[in-house]
>>> print(open('input_15.txt').read())   # compact mmCIF, C-alpha atoms
# COMPACT_ATOMS: atom_id res chain seq x y z
CA MET A 1 29.58 3.21 55.59
CA PHE A 2 33.02 4.39 56.77
CA GLY A 3 34.55 1.03 55.86
CA ASN A 4 33.38 1.24 52.24
CA TRP A 5 34.61 4.82 51.86
CA LEU A 6 37.97 3.93 53.40
CA LYS A 7 38.30 0.96 51.06
CA THR A 8 37.51 3.15 48.06
CA SER A 9 40.05 5.79 49.16
CA ILE A 10 42.78 3.18 49.56
CA LEU A 11 42.01 1.63 46.18
CA MET A 12 41.99 5.03 44.45
CA ALA A 13 45.35 5.87 46.03
CA GLY A 14 46.65 2.50 44.88
CA ILE A 15 45.66 2.95 41.25
CA VAL A 16 47.16 6.46 41.11
CA ALA A 17 50.38 5.15 42.68
CA LEU A 18 50.50 2.34 40.13
CA PHE A 19 50.12 4.94 37.39
CA GLY A 20 53.14 6.81 38.72
CA ILE A 21 55.21 3.64 39.00
CA VAL A 22 54.52 2.64 35.40
CA GLY A 23 55.45 6.13 34.23
CA ALA A 24 58.66 6.04 36.24
CA VAL A 25 59.65 2.60 34.91
CA PHE A 26 59.33 3.66 31.29
CA GLY A 27 60.46 7.26 31.50
CA GLY A 28 61.81 8.20 34.92
CA VAL A 29 60.41 11.30 36.58
CA ASN A 30 59.56 12.85 33.24
CA GLY A 31 57.69 9.72 32.19
CA MET A 32 55.74 9.68 35.44
CA LEU A 33 54.78 13.35 35.11
CA LEU A 34 53.79 12.87 31.48
CA ALA A 35 51.64 9.89 32.43
CA LEU A 36 49.88 11.88 35.15
CA VAL A 37 49.31 14.86 32.83
CA LEU A 38 47.87 12.62 30.11
CA GLY A 39 45.66 10.90 32.67
CA GLY A 40 44.49 14.25 34.01
CA ALA A 41 43.59 15.46 30.52
CA MET A 42 41.56 12.33 29.88
CA ASN A 43 39.83 12.74 33.25
CA VAL A 44 38.76 16.28 32.38
CA PHE A 45 37.30 15.14 29.05
CA ALA A 46 35.48 12.19 30.64
CA TYR A 47 34.25 14.36 33.53
CA TRP A 48 32.52 16.81 31.20
CA PHE A 49 31.26 14.62 28.37
CA SER A 50 30.78 11.04 29.62
CA ASP A 51 27.09 11.54 30.47
CA ALA A 52 26.17 12.70 26.97
CA MET A 53 28.22 9.92 25.39
CA VAL A 54 26.72 7.08 27.41
CA LEU A 55 23.14 8.33 26.97
CA ARG A 56 23.77 8.47 23.22
CA ILE A 57 25.24 4.96 23.22
CA TYR A 58 22.09 3.58 24.85
CA LYS A 59 19.77 5.71 22.67
CA ALA A 60 18.12 7.05 25.81
CA ARG A 61 15.18 9.40 25.42
CA GLU A 62 14.44 12.07 27.99
CA VAL A 63 11.03 12.03 29.66
CA ASP A 64 9.18 14.44 31.91
CA ALA A 65 6.08 14.68 34.07
CA ALA A 66 3.88 14.75 30.98
CA SER A 67 5.39 11.84 29.03
CA ALA A 68 6.12 9.47 31.96
CA PRO A 69 4.22 10.84 34.98
CA GLN A 70 4.54 7.85 37.33
CA PHE A 71 8.23 7.18 36.71
CA TYR A 72 9.17 10.86 36.73
CA GLY A 73 7.17 11.47 39.88
CA LEU A 74 8.85 8.54 41.62
CA VAL A 75 12.33 9.93 40.83
CA GLN A 76 11.24 13.41 41.89
CA GLU A 77 10.00 12.17 45.27
CA LEU A 78 13.19 10.21 45.93
CA ALA A 79 15.42 13.12 44.90
CA GLN A 80 13.63 15.33 47.42
CA ARG A 81 14.05 12.70 50.14
CA ALA A 82 17.77 12.44 49.32
CA GLY A 83 18.23 16.22 49.32
CA LEU A 84 19.30 16.24 45.66
CA PRO A 85 18.46 18.52 42.74
CA MET A 86 16.03 16.93 40.31
CA PRO A 87 18.08 14.93 37.78
CA ARG A 88 17.18 14.54 34.13
CA VAL A 89 15.19 11.34 33.61
CA TYR A 90 15.60 8.98 30.65
CA LEU A 91 14.08 5.77 29.36
CA ILE A 92 15.88 3.18 27.22
CA ASP A 93 13.81 0.98 24.91
CA GLU A 94 15.37 -2.36 25.89
CA ALA A 95 13.83 -5.52 27.32
CA GLN A 96 16.66 -6.24 29.78
CA PRO A 97 15.72 -4.89 33.24
CA ASN A 98 18.45 -2.43 34.20
CA ALA A 99 19.17 1.15 35.25
CA PHE A 100 22.08 3.54 35.72
CA ALA A 101 23.03 7.06 36.80
CA THR A 102 25.46 9.38 35.09
CA GLY A 103 26.59 13.00 35.16
CA ARG A 104 29.55 14.92 36.52
CA ASN A 105 27.88 16.09 39.76
CA PRO A 106 24.45 16.23 41.44
CA GLU A 107 23.63 19.47 39.61
CA HIS A 108 24.26 17.84 36.22
CA ALA A 109 23.02 14.30 36.84
CA ALA A 110 20.79 11.97 34.89
CA VAL A 111 19.14 8.67 35.75
CA ALA A 112 18.04 6.15 33.14
CA ALA A 113 16.02 2.96 33.24
CA THR A 114 15.09 0.44 30.59
CA THR A 115 11.47 -0.10 29.61
CA GLY A 116 12.05 -3.71 30.63
CA ILE A 117 12.63 -2.79 34.27
CA LEU A 118 9.43 -0.75 34.36
CA GLN A 119 7.49 -3.76 33.08
CA LEU A 120 9.15 -6.28 35.39
CA LEU A 121 9.25 -4.58 38.77
CA SER A 122 6.48 -3.50 41.10
CA ALA A 123 6.27 0.18 42.02
CA ARG A 124 7.86 -0.63 45.40
CA GLU A 125 10.78 -2.49 43.81
CA LEU A 126 11.33 0.21 41.16
CA ARG A 127 11.44 2.78 43.95
CA GLY A 128 14.26 0.82 45.61
CA VAL A 129 16.21 0.66 42.34
CA MET A 130 15.95 4.37 41.62
CA ALA A 131 16.90 5.22 45.20
CA HIS A 132 20.07 3.17 44.59
CA GLU A 133 20.83 5.17 41.45
CA LEU A 134 20.31 8.47 43.26
CA ALA A 135 22.71 7.26 45.96
CA HIS A 136 25.36 6.98 43.23
CA VAL A 137 24.63 10.61 42.34
CA LYS A 138 24.79 11.75 45.97
CA HIS A 139 28.09 9.93 46.56
CA ARG A 140 29.55 11.27 43.28
CA ASP A 141 30.33 7.71 42.26
CA ILE A 142 30.12 8.68 38.60
CA LEU A 143 33.21 10.84 39.03
CA THR A 144 35.00 8.16 41.07
CA SER A 145 34.37 5.44 38.48
CA THR A 146 35.33 7.77 35.63
CA ILE A 147 38.66 8.58 37.24
CA ALA A 148 39.36 4.92 38.01
CA ALA A 149 38.53 3.83 34.47
CA THR A 150 40.58 6.61 32.91
CA VAL A 151 43.65 5.95 35.04
CA ALA A 152 43.39 2.21 34.43
CA GLY A 153 43.25 2.83 30.69
CA ALA A 154 46.16 5.23 30.86
CA ILE A 155 48.26 2.69 32.75
CA ALA A 156 47.70 0.12 30.00
CA ALA A 157 48.53 2.65 27.28
CA VAL A 158 51.69 3.95 28.96
CA ALA A 159 52.92 0.43 29.72
CA GLN A 160 52.42 -0.78 26.16
CA PHE A 161 53.76 2.29 24.37
CA GLY A 162 56.61 2.70 26.81
CA PHE A 163 57.82 -0.84 26.23
CA LEU A 164 57.24 -0.91 22.49
CA PHE A 165 59.03 2.38 21.90
CA GLY A 166 61.96 1.61 24.14
CA GLY A 167 61.18 3.77 27.18
CA ARG A 168 63.80 3.95 29.89
CA GLY A 169 63.64 4.68 33.56
CA SER A 170 65.90 7.10 35.35
CA SER A 171 68.64 4.47 35.46
CA GLU A 172 70.64 3.55 32.37
CA ARG A 173 70.66 -0.04 33.61
CA SER A 174 66.94 -0.48 32.95
CA ASN A 175 66.19 -4.15 32.39
CA PRO A 176 64.06 -5.00 29.32
CA PHE A 177 62.77 -8.07 31.15
CA VAL A 178 61.50 -5.90 34.00
CA GLY A 179 59.83 -3.66 31.43
CA LEU A 180 58.10 -6.66 29.87
CA ILE A 181 56.83 -7.84 33.27
CA VAL A 182 55.51 -4.36 34.08
CA MET A 183 53.87 -4.10 30.65
CA ILE A 184 51.97 -7.35 31.29
CA LEU A 185 51.16 -7.09 35.00
CA ALA A 186 50.48 -3.36 35.46
CA PRO A 187 47.33 -3.24 33.29
CA ILE A 188 46.00 -6.38 35.00
CA ALA A 189 46.62 -4.88 38.43
CA ALA A 190 44.96 -1.63 37.37
CA MET A 191 41.92 -3.49 36.10
CA LEU A 192 41.62 -5.48 39.34
CA ILE A 193 41.74 -2.27 41.39
CA GLN A 194 39.17 -0.64 39.11
CA MET A 195 36.81 -3.59 39.51
CA ALA A 196 37.26 -3.56 43.31
CA ILE A 197 36.40 0.16 43.41
CA SER A 198 33.26 -0.50 41.38
CA ARG A 199 32.13 -3.29 43.71
CA ALA A 200 32.73 -1.16 46.81
CA ARG A 201 30.65 1.69 45.38
CA GLU A 202 27.78 -0.70 44.51
CA PHE A 203 27.60 -1.90 48.11
CA GLU A 204 27.59 1.70 49.33
CA ALA A 205 24.87 2.71 46.84
CA ASP A 206 22.76 -0.24 48.02
CA ARG A 207 23.07 1.03 51.59
CA GLY A 208 22.43 4.66 50.69
CA GLY A 209 19.49 3.81 48.46
CA ALA A 210 17.92 1.62 51.14
CA GLU A 211 18.19 4.47 53.63
CA THR A 212 16.61 6.95 51.21
CA SER A 213 13.71 4.68 50.30
CA GLY A 214 13.29 3.41 53.85
CA ASP A 215 12.70 -0.08 52.45
CA PRO A 216 15.85 -2.25 52.09
CA GLY A 217 13.71 -5.28 51.27
CA ALA A 218 12.36 -3.60 48.15
CA LEU A 219 15.81 -3.28 46.59
CA ALA A 220 16.69 -6.82 47.67
CA ASP A 221 13.56 -8.17 45.96
CA ALA A 222 14.32 -6.11 42.85
CA LEU A 223 17.91 -7.34 42.61
CA GLU A 224 16.83 -10.98 42.86
CA LYS A 225 14.17 -10.52 40.20
CA MET A 226 16.47 -8.61 37.82
CA GLU A 227 19.23 -11.17 38.23
CA ARG A 228 16.89 -13.94 37.07
CA TYR A 229 15.57 -12.08 34.05
CA ALA A 230 18.64 -10.13 32.87
CA LYS A 231 20.71 -13.22 32.04
CA GLY A 232 18.36 -14.27 29.25
CA LEU A 233 17.93 -10.81 27.75
CA PRO A 234 21.07 -9.38 26.11
CA LEU A 235 21.65 -5.62 26.10
CA LYS A 236 23.25 -4.86 22.74
CA ALA A 237 24.74 -1.48 23.64
CA ALA A 238 26.44 -2.94 26.72
CA GLU A 239 27.85 -5.84 24.71
CA GLU A 240 29.26 -3.39 22.16
CA HIS A 241 30.60 -1.03 24.85
CA PRO A 242 31.53 -3.26 27.82
CA ALA A 243 33.27 -0.40 29.63
CA THR A 244 29.81 0.99 30.41
CA ALA A 245 28.71 -2.19 32.20
CA GLN A 246 29.95 -0.98 35.58
CA MET A 247 27.36 1.83 35.51
CA MET A 248 24.42 -0.57 35.58
CA ILE A 249 22.72 -1.76 38.75
CA ILE A 250 22.98 -5.37 37.47
CA ASN A 251 25.83 -6.61 35.26
CA PRO A 252 24.33 -6.40 31.74
CA LEU A 253 26.93 -8.59 30.01
CA SER A 254 26.01 -12.11 29.02
CA GLY A 255 29.52 -13.56 29.34
CA SER A 256 30.64 -15.12 32.62
CA GLY A 257 33.95 -14.50 34.32
CA MET A 258 35.81 -14.68 37.61
CA GLN A 259 33.17 -13.12 39.84
CA SER A 260 35.44 -12.53 42.81
CA LEU A 261 38.11 -10.55 40.95
CA PHE A 262 37.09 -9.39 37.50
CA SER A 263 33.41 -8.52 38.00
CA THR A 264 32.31 -4.89 38.14
CA HIS A 265 29.47 -5.89 40.47
CA PRO A 266 29.40 -7.77 43.78
CA ALA A 267 27.62 -11.12 43.78
CA THR A 268 23.89 -10.45 43.90
CA GLU A 269 23.42 -12.87 46.79
CA LYS A 270 25.89 -10.85 48.88
CA ARG A 271 24.11 -7.61 48.09
CA VAL A 272 20.75 -9.13 48.94
CA ALA A 273 22.09 -10.56 52.21
CA ARG A 274 23.35 -7.14 53.32
CA LEU A 275 20.04 -5.49 52.44
CA ARG A 276 18.02 -8.15 54.27
CA ALA A 277 20.25 -7.60 57.31
CA MET A 278 19.43 -3.88 57.18
CA ALA A 279 15.73 -4.68 57.07
>>> encode(input="input_15.txt", output="structure tokens")
Amino acid sequence: MFGNWLKTSILMAGIVALFGIVGAVFGGVNGMLLALVLGGAMNVFAYWFSDAMVLRIYKAREVDAASAPQFYGLVQELAQRAGLPMPRVYLIDEAQPNAFATGRNPEHAAVAATTGILQLLSARELRGVMAHELAHVKHRDILTSTIAATVAGAIAAVAQFGFLFGGRGSSERSNPFVGLIVMILAPIAAMLIQMAISRAREFEADRGGAETSGDPGALADALEKMERYAKGLPLKAAEEHPATAQMMIINPLSGSGMQSLFSTHPATEKRVARLRAMA
């Protein structure tokens, strides 16, 4: 547990430091401060409105004890076990088995699952999945990922605009070649850090969810089953808005990439191995 939190803290410090460096390269101290202010403004907006936006993107519909008694009751029981306020509960009419949590804090949280996951998983497996999502809420991972994504995006914007519009550092001897290198490499570095933060938080949510449910094997079984089925069932909203993919319990995107560096999720076999070890 401590190792994952320490890793996340170091990575968050690294991405903020990179933000400051890019600002300094293209505008000296003033550029760095402007970059941090712009990033902070974007963070505030994302912090307050990201949950409503992502639920709208996925056309999620809210359910309650009357409209989805079994699913709602399952989330309610797990929230009580985790010591959390009852989140809002949503269903998404999609065949791909997946789920996510969103919201700025535990008092304003929401959990969502696709109808596909309810059809695919057993009650025991679904319980493991929703415990994982509530662990994200408890750890405030939604805020962490929002900040990381916002800062990474701001780094790319500042690097590109700073170079294109002739930004200068505090020294009059600023080298255009150095600026070009920073413009290319800084956004890549920011993205790599962002992906590493996402993977660390997934491992920690697996652990926290397994502890809440008391059944690590249930989540392990669910992850293996979802991994097999999700690849053949595209999720249109995720394909159209790939920045939301990191929220899902299983990577919803159909394209393949460099798993070790550019994936928002750890390899499923590694997650399953850790959960089986807990069991």
>>> closest_residue(input="input_15.txt", among="A:Ala148, A:Met248, A:Ala95, A:Val63", to="Met130 in chain A", atoms="all atoms listed in the file")
A:Met248
>>> residues_around(input="input_15.txt", residues="range 99-114 of chain A", least_positions_apart="4", cutoff="9 Å", atoms="all atoms listed in the file", output="number ranges by chain")
A: 46-52, 54-55, 60-62, 75, 84-95, 118, 129-130, 133-134, 136-143, 247-250
>>> atom_distance(input="input_15.txt", atom1="CA of Tyr58 in chain A", atom2="CA of Ala237 in chain A")
5.8 Å
>>> atom_distance(input="input_15.txt", atom1="CA of Gln80 in chain A", atom2="CA of Arg201 in chain A")
21.9 Å
>>> closest_residue(input="input_15.txt", among="A:Leu192, A:Ala159, A:Ala135, A:Leu126", to="Gly14 in chain A", atoms="only C-alpha atoms")
A:Leu192
>>> atom_distance(input="input_15.txt", atom1="CA of Ala205 in chain A", atom2="CA of Arg127 in chain A")
13.7 Å
>>> residues_around(input="input_15.txt", residues="Ala186 in chain A", least_positions_apart="3", cutoff="8 Å", atoms="only C-alpha atoms", output="ChimeraX atom specification")
/A:18,22,155-156,159,182-183,189-190
>>> residues_around(input="input_15.txt", residues="Pro266 in chain A", least_positions_apart="4", cutoff="10 Å", atoms="only C-alpha atoms", output="JSON, numbers by chain")
{"A": [195, 196, 198, 199, 200, 201, 202, 203, 250, 251, 259, 260, 261, 270, 271]}
>>> build_atoms(input="input_15.txt", residues="range 97-109 of chain A", atoms="N, CA and C atoms", output="CSV table (one decimal), keeping the file's coordinate frame")
chain,number,residue,atom,x,y,z
A,97,PRO,N,16.0,-5.8,32.1
A,97,PRO,CA,15.7,-4.9,33.2
A,97,PRO,C,17.0,-4.3,33.8
A,98,ASN,N,17.2,-3.0,33.7
A,98,ASN,CA,18.4,-2.4,34.2
A,98,ASN,C,18.3,-0.9,34.4
A,99,ALA,N,19.2,-0.3,35.0
A,99,ALA,CA,19.2,1.2,35.2
A,99,ALA,C,20.6,1.7,35.6
A,100,PHE,N,20.8,3.0,35.4
A,100,PHE,CA,22.1,3.5,35.7
A,100,PHE,C,21.9,5.0,36.0
A,101,ALA,N,22.9,5.6,36.6
A,101,ALA,CA,23.0,7.1,36.8
A,101,ALA,C,24.3,7.6,36.1
A,102,THR,N,24.3,8.8,35.7
A,102,THR,CA,25.5,9.4,35.1
A,102,THR,C,25.4,10.9,35.3
A,103,GLY,N,26.5,11.6,34.9
A,103,GLY,CA,26.6,13.0,35.2
A,103,GLY,C,27.8,13.4,36.0
A,104,ARG,N,28.3,14.6,35.8
A,104,ARG,CA,29.6,14.9,36.5
A,104,ARG,C,29.4,15.3,38.0
A,105,ASN,N,28.1,15.7,38.4
A,105,ASN,CA,27.9,16.1,39.8
A,105,ASN,C,26.4,16.1,40.0
A,106,PRO,N,25.9,16.3,41.2
A,106,PRO,CA,24.4,16.2,41.4
A,106,PRO,C,23.7,17.3,40.7
A,107,GLU,N,24.3,18.4,40.3
A,107,GLU,CA,23.6,19.5,39.6
A,107,GLU,C,23.5,19.2,38.1
A,108,HIS,N,24.3,18.2,37.6
A,108,HIS,CA,24.3,17.8,36.2
A,108,HIS,C,24.1,16.3,36.1
A,109,ALA,N,23.2,15.8,36.8
A,109,ALA,CA,23.0,14.3,36.8
A,109,ALA,C,21.8,13.9,36.0
